[in-house]
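Q: Before I ask anything, let me first share the structure, which is written out below as structure tokens.
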Amino acid sequence: MFPRTAKEVAQMAEEQHTHLGTFAIRHESEETGASEEAVRAALAEQIRIMKVSATEGRRRLVFSLSGLIGGDSTKVSAYAKRGTAISGEVMVDAVAYAMSSSEVNASMGRIVAAPTAGACGILPAVLKTFSDRRGTSEEELVDALAVAGAMGIIIGQNATISGAEGGCQAETGAAAAMAAGAAVHLLGGTPSQCLDSGAIVLMNMLGLVCDPVAGLVEIPCVYRNAQGAVNALTTADMVMAGVRSRIPFDEAVTAMYEVGRSLSEALRETGIGGIAGTPTGQRLKRQVFGDAPITEVHKDYKQPREEEESSGTGFEKGL
Ligand code: SF4
């Protein structure tokens with residue numbers, strides 16, 4: 001059994017003079033009988049899939065089957081290239097990566113559910129940012145993904161990663177907490193700093209409801225993936241600057257679960273309340289499930305030209 005709490009995991013990792021990622025990989029190896037090398041290879045394959053999903057929507061227009069979302073990753077990519085973004089190139093690139101994976105998911109493309117398909121854009125965006133900006137190796141990314149995995153297991157064991165059970169805080173919130181931990185690890189942070197970053201992210205996203213328009217994992221999910229990536233990266237920097245979480249990760253996880261359980265059913269993936277319940281959300285739902293196709297959102301999108309694909313230093317073609 002994986003230790004129940006983050007406190008126990010951090011303590012055991014410390015006793016073993018290792019980090020959360022190695023601890024999680026060893027544990028997975030012992031549980032499944034697979035060698036540690038095999039576990040690492042499986043994580044490396046997931047990272048490769050993540051990188052493709054994070055770049056696909058930047059390279060070409062990718063629309064969801066419903067037509068509700070798509071093409072935004074190419075827009076943000078083109079904007080990033082202009083060099084005028086107030087939040088900086090790193091941040092808008094991360095946004096484009098996160099939106100890309102969400103678009104690929106909604107088009108029935110291949111993604112890694114990390115921890116869920118709805119929140120599939122956040123970890124790829126953060127890992128790809130490190131690979132682009134810091135030249136982080138695949139081996140280091142595997143460690144970071146394992147750190148994220150350890151934190152995800154703790155959230156799953158003590159709360160939930162399901163929007164239907166705990167709202168979007170449990171999906172994009174969990175993904176952003178995991179991604180922040182991965183980022184802190186890659187920046188040289190300790191296990192307790194990784195957990196601090198996760199706690200801060202969960203505090204920031206506490207109460208976020210699950211309210212997908214037409215019950216589809218599209219609106220507002222694509223925007224929340226983008227913001228989850230930004231939240232993870234900025235929180236990682238905050239923690240590496242020396243900011244500590246006054247609330248332990250375990251307690252933030254418990255709070256998230258309690259808040260999630262207190263949400264009304266209309267705000268837990270039923271497509272009834274919140275953004276789904278707005279007049280426009282309801283109209284879009286009728287269009288998706290009626291006979292009026294969604295066409296208006298496609299009009300102002302165009303296929304990116306070759307020179308618009310890249311925002312410069314970071315974006316690679318394909319992998
Ligand atoms: S709004 Fe709901 S369906 Fe969409 S990402 Fe959040 S939890 Fe998932």
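The chains in the structure tokens are called A, B, ... from first to last as shown; in each chain the residues are counted from 1, and the ligands are counted from 1 in the order shown.
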List as a list in words the protein and nucleic acid residues lying within 6 Å of ligand 1, with only C-alpha atoms and all ligand atoms counted.
A: Gly118, Ala119, Gly163, Gly167, Cys168, Glu171, Thr172, Cys210, Asp211, Pro212, Val217, Pro220, Cys221 and Glu269 of chain A
Q: Write out as a JSON list (two decimals) with N, CA and C atoms, in the first residue's frame each polymer residue whose atoms come within 12 Å of His19 (chain A), counting only C-alpha atoms; drop sequence neighbours fewer than 3 positions from it.
A:
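Wrote it out as result.json, contents follow:
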[["chain", "number", "residue", "atom", "x", "y", "z"],
["A", 9, "VAL", "N", 4.61, 10.01, 3.36],
["A", 9, "VAL", "CA", 5.41, 9.84, 2.14],
["A", 9, "VAL", "C", 6.68, 10.68, 2.22],
["A", 10, "ALA", "N", 6.54, 11.92, 2.64],
["A", 10, "ALA", "CA", 7.70, 12.82, 2.73],
["A", 10, "ALA", "C", 8.71, 12.28, 3.74],
["A", 11, "GLN", "N", 8.19, 11.77, 4.85],
["A", 11, "GLN", "CA", 9.06, 11.23, 5.90],
["A", 11, "GLN", "C", 9.82, 10.00, 5.39],
["A", 12, "MET", "N", 9.10, 9.11, 4.72],
["A", 12, "MET", "CA", 9.74, 7.89, 4.21],
["A", 12, "MET", "C", 10.75, 8.21, 3.11],
["A", 13, "ALA", "N", 10.40, 9.17, 2.25],
["A", 13, "ALA", "CA", 11.33, 9.57, 1.19],
["A", 13, "ALA", "C", 12.59, 10.15, 1.81],
["A", 14, "GLU", "N", 12.39, 10.92, 2.87],
["A", 14, "GLU", "CA", 13.54, 11.52, 3.55],
["A", 14, "GLU", "C", 14.42, 10.44, 4.17],
["A", 15, "GLU", "N", 13.79, 9.47, 4.81],
["A", 15, "GLU", "CA", 14.56, 8.38, 5.44],
["A", 15, "GLU", "C", 15.36, 7.60, 4.40],
["A", 16, "GLN", "N", 14.79, 7.51, 3.21],
["A", 16, "GLN", "CA", 15.47, 6.77, 2.14],
["A", 16, "GLN", "C", 16.42, 7.68, 1.35],
["A", 22, "THR", "N", 11.26, 9.18, -6.96],
["A", 22, "THR", "CA", 11.93, 7.88, -6.84],
["A", 22, "THR", "C", 11.15, 6.98, -5.89],
["A", 23, "PHE", "N", 10.65, 7.58, -4.82],
["A", 23, "PHE", "CA", 9.86, 6.82, -3.86],
["A", 23, "PHE", "C", 8.66, 6.19, -4.57],
["A", 24, "ALA", "N", 7.98, 7.00, -5.40],
["A", 24, "ALA", "CA", 6.78, 6.49, -6.10],
["A", 24, "ALA", "C", 7.15, 5.41, -7.11],
["A", 25, "ILE", "N", 8.26, 5.59, -7.80],
["A", 25, "ILE", "CA", 8.68, 4.59, -8.79],
["A", 25, "ILE", "C", 9.03, 3.27, -8.10],
["A", 26, "ARG", "N", 9.76, 3.34, -6.99],
["A", 26, "ARG", "CA", 10.11, 2.13, -6.24],
["A", 26, "ARG", "C", 8.85, 1.42, -5.76],
["A", 143, "ASP", "N", 11.33, 11.71, -13.56],
["A", 143, "ASP", "CA", 11.33, 11.93, -12.11],
["A", 143, "ASP", "C", 10.22, 12.90, -11.71],
["A", 144, "ALA", "N", 10.11, 13.99, -12.49],
["A", 144, "ALA", "CA", 9.12, 15.01, -12.16],
["A", 144, "ALA", "C", 7.70, 14.47, -12.31],
["A", 145, "LEU", "N", 7.48, 13.68, -13.35],
["A", 145, "LEU", "CA", 6.15, 13.09, -13.54],
["A", 145, "LEU", "C", 5.84, 12.13, -12.39],
["A", 146, "ALA", "N", 6.87, 11.44, -11.92],
["A", 146, "ALA", "CA", 6.65, 10.53, -10.78],
["A", 146, "ALA", "C", 6.34, 11.32, -9.50],
["A", 147, "VAL", "N", 6.98, 12.47, -9.33],
["A", 147, "VAL", "CA", 6.65, 13.34, -8.19],
["A", 147, "VAL", "C", 5.17, 13.72, -8.27],
["A", 148, "ALA", "N", 4.76, 14.14, -9.48],
["A", 148, "ALA", "CA", 3.35, 14.51, -9.69],
["A", 148, "ALA", "C", 2.45, 13.31, -9.39],
["A", 150, "ALA", "N", 3.02, 10.81, -7.35],
["A", 150, "ALA", "CA", 2.93, 10.57, -5.90],
["A", 150, "ALA", "C", 1.90, 11.50, -5.28],
["A", 151, "MET", "N", 1.93, 12.75, -5.68],
["A", 151, "MET", "CA", 0.97, 13.71, -5.13],
["A", 151, "MET", "C", -0.45, 13.39, -5.57],
["A", 181, "GLY", "N", 4.09, 20.58, -8.04],
["A", 181, "GLY", "CA", 5.07, 19.72, -7.36],
["A", 181, "GLY", "C", 6.17, 19.28, -8.32],
["A", 182, "ALA", "N", 5.77, 18.91, -9.53],
["A", 182, "ALA", "CA", 6.75, 18.50, -10.55],
["A", 182, "ALA", "C", 7.70, 19.67, -10.86],
["A", 184, "VAL", "N", 8.43, 22.30, -8.97],
["A", 184, "VAL", "CA", 9.31, 22.58, -7.82],
["A", 184, "VAL", "C", 10.44, 21.56, -7.78],
["A", 185, "HIS", "N", 10.11, 20.31, -8.03],
["A", 185, "HIS", "CA", 11.17, 19.29, -8.05],
["A", 185, "HIS", "C", 12.22, 19.62, -9.10],
["A", 186, "LEU", "N", 11.76, 20.00, -10.28],
["A", 186, "LEU", "CA", 12.71, 20.32, -11.37],
["A", 186, "LEU", "C", 13.53, 21.57, -11.07],
["A", 188, "GLY", "N", 14.71, 22.13, -8.20],
["A", 188, "GLY", "CA", 15.64, 21.79, -7.11],
["A", 188, "GLY", "C", 15.02, 21.85, -5.73],
["A", 189, "GLY", "N", 13.69, 21.90, -5.68],
["A", 189, "GLY", "CA", 13.00, 21.97, -4.38],
["A", 189, "GLY", "C", 13.00, 20.63, -3.65],
["A", 190, "THR", "N", 12.75, 20.70, -2.36],
["A", 190, "THR", "CA", 12.70, 19.49, -1.52],
["A", 190, "THR", "C", 11.30, 18.87, -1.60],
["A", 191, "PRO", "N", 11.16, 17.62, -1.10],
["A", 191, "PRO", "CA", 9.82, 17.03, -1.06],
["A", 191, "PRO", "C", 8.81, 17.90, -0.32],
["A", 192, "SER", "N", 9.25, 18.51, 0.77],
["A", 192, "SER", "CA", 8.26, 19.32, 1.50],
["A", 192, "SER", "C", 7.91, 20.59, 0.73],
["A", 193, "GLN", "N", 8.83, 21.11, -0.06],
["A", 193, "GLN", "CA", 8.49, 22.26, -0.90],
["A", 193, "GLN", "C", 7.54, 21.84, -2.04],
["A", 194, "CYS", "N", 7.75, 20.64, -2.58],
["A", 194, "CYS", "CA", 6.81, 20.14, -3.61],
["A", 194, "CYS", "C", 5.40, 20.10, -3.03],
["A", 195, "LEU", "N", 5.30, 19.56, -1.82],
["A", 195, "LEU", "CA", 3.99, 19.45, -1.19],
["A", 195, "LEU", "C", 3.41, 20.82, -0.84]]
Q: When DSSP works through the backbone of this structure, what residues of region 184-273 of chain A end up as helix (DSSP H, G or I), shown as a ChimeraX atom specification?
A: /A:184-186,191-205,213-215,221-240,249-262,265-267
Q: Provide the CA of Met91 (chain A) to CA of Ile219 (chain A) distance in Å, to one decimal place.
A: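 Between these atoms lies a distance of 21.1 Å.
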Q: Determine, for each residue of region 177-234 of chain A having at least one atom at most 10 Å from an atom of region 242-262 of chain A, the closest pair of atoms and their separation in Å to one decimal, counting only C-alpha atoms; order by chain and ascending number, as a tab-separated table.
A:
residue	atom	partner	partner_atom	distance
A:Ala177	CA	A:Phe249	CA	9.6
A:Gly189	CA	A:Gly242	CA	10.0
A:Ser192	CA	A:Phe249	CA	9.1
A:Gln193	CA	A:Arg244	CA	7.4
A:Cys194	CA	A:Phe249	CA	9.4
A:Leu195	CA	A:Phe249	CA	5.7
A:Asp196	CA	A:Ser245	CA	5.1
A:Ser197	CA	A:Ser245	CA	7.2
A:Gly198	CA	A:Phe249	CA	6.5
A:Ala199	CA	A:Phe249	CA	4.5
A:Ile200	CA	A:Ser245	CA	6.1
A:Val201	CA	A:Ala252	CA	9.3
A:Leu202	CA	A:Ala252	CA	6.4
A:Met203	CA	A:Ala252	CA	6.7
A:Met205	CA	A:Met256	CA	8.8
A:Leu206	CA	A:Met256	CA	6.0
A:Gly207	CA	A:Val259	CA	6.2
A:Leu208	CA	A:Gly260	CA	8.6
A:Val209	CA	A:Gly260	CA	8.1
A:Cys210	CA	A:Gly260	CA	9.7
Q: Take the residues from that selection and write them out as a PDB file, in the first residue's frame, keeping C-alpha atoms.
A:
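What landed in part.pdb:
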ATOM      1  CA  ALA A 177      -1.142  20.809  -7.653  1.00  0.00           C
ATOM      2  CA  GLY A 189      13.004  21.966  -4.377  1.00  0.00           C
ATOM      3  CA  SER A 192       8.264  19.322   1.497  1.00  0.00           C
ATOM      4  CA  GLN A 193       8.495  22.265  -0.904  1.00  0.00           C
ATOM      5  CA  CYS A 194       6.811  20.143  -3.608  1.00  0.00           C
ATOM      6  CA  LEU A 195       3.988  19.448  -1.187  1.00  0.00           C
ATOM      7  CA  ASP A 196       3.815  23.106  -0.159  1.00  0.00           C
ATOM      8  CA  SER A 197       3.317  24.107  -3.776  1.00  0.00           C
ATOM      9  CA  GLY A 198       0.515  21.561  -4.101  1.00  0.00           C
ATOM     10  CA  ALA A 199      -1.163  22.914  -0.984  1.00  0.00           C
ATOM     11  CA  ILE A 200      -0.993  26.495  -2.259  1.00  0.00           C
ATOM     12  CA  VAL A 201      -2.450  25.518  -5.622  1.00  0.00           C
ATOM     13  CA  LEU A 202      -5.304  23.665  -3.954  1.00  0.00           C
ATOM     14  CA  MET A 203      -5.996  26.719  -1.792  1.00  0.00           C
ATOM     15  CA  MET A 205      -8.505  26.571  -6.688  1.00  0.00           C
ATOM     16  CA  LEU A 206     -10.693  25.585  -3.752  1.00  0.00           C
ATOM     17  CA  GLY A 207     -14.374  25.658  -4.571  1.00  0.00           C
ATOM     18  CA  LEU A 208     -13.963  25.530  -8.327  1.00  0.00           C
ATOM     19  CA  VAL A 209     -17.104  23.884  -9.653  1.00  0.00           C
ATOM     20  CA  CYS A 210     -17.508  21.412 -12.493  1.00  0.00           C
TER      21      CYS A 210
END
Q: Quick one: residues within 7 Å of region 101-103 of chain A, only C-alpha atoms counted, chain neighbours fewer than 5 positions away excluded, as a PyMOL selection string?
A: chain A and resi 53-54+57+62-64+69-70+111+120-121+222
Q: What does the structure give for the distance between CA of Asp132 (chain A) and CA of Glu36 (chain A), in Å to one decimal?
A: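 Those two atoms sit 26.7 Å apart.
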Q: In Å, with one decimal, what is the gap from CA of Gly173 (chain A) to CA of Gly88 (chain A)?
A: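 Rounded to one decimal, the two atoms are 23.2 Å apart.
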Q: Counting only C-alpha atoms, what is within 12 Å of region 286-291 of chain A, bar same-chain residues fewer than 5 positions away, as a list in words?
A: Ser64, Leu65, Ser66, Gly67, Leu68, Ile69, Val213, Ala214, Gly215, Leu216, Ala276, Gly277, Pro279, Thr280, Gly281 and Glu296 of chain A
Q: For Leu61 (chain A), which residue out of A:Lys128, A:Arg40, A:Arg48, A:Lys302 is the nearest one, using only C-alpha atoms?
A: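 Ranked by minimum distance to Leu61 (chain A), first place goes to A:Lys302.
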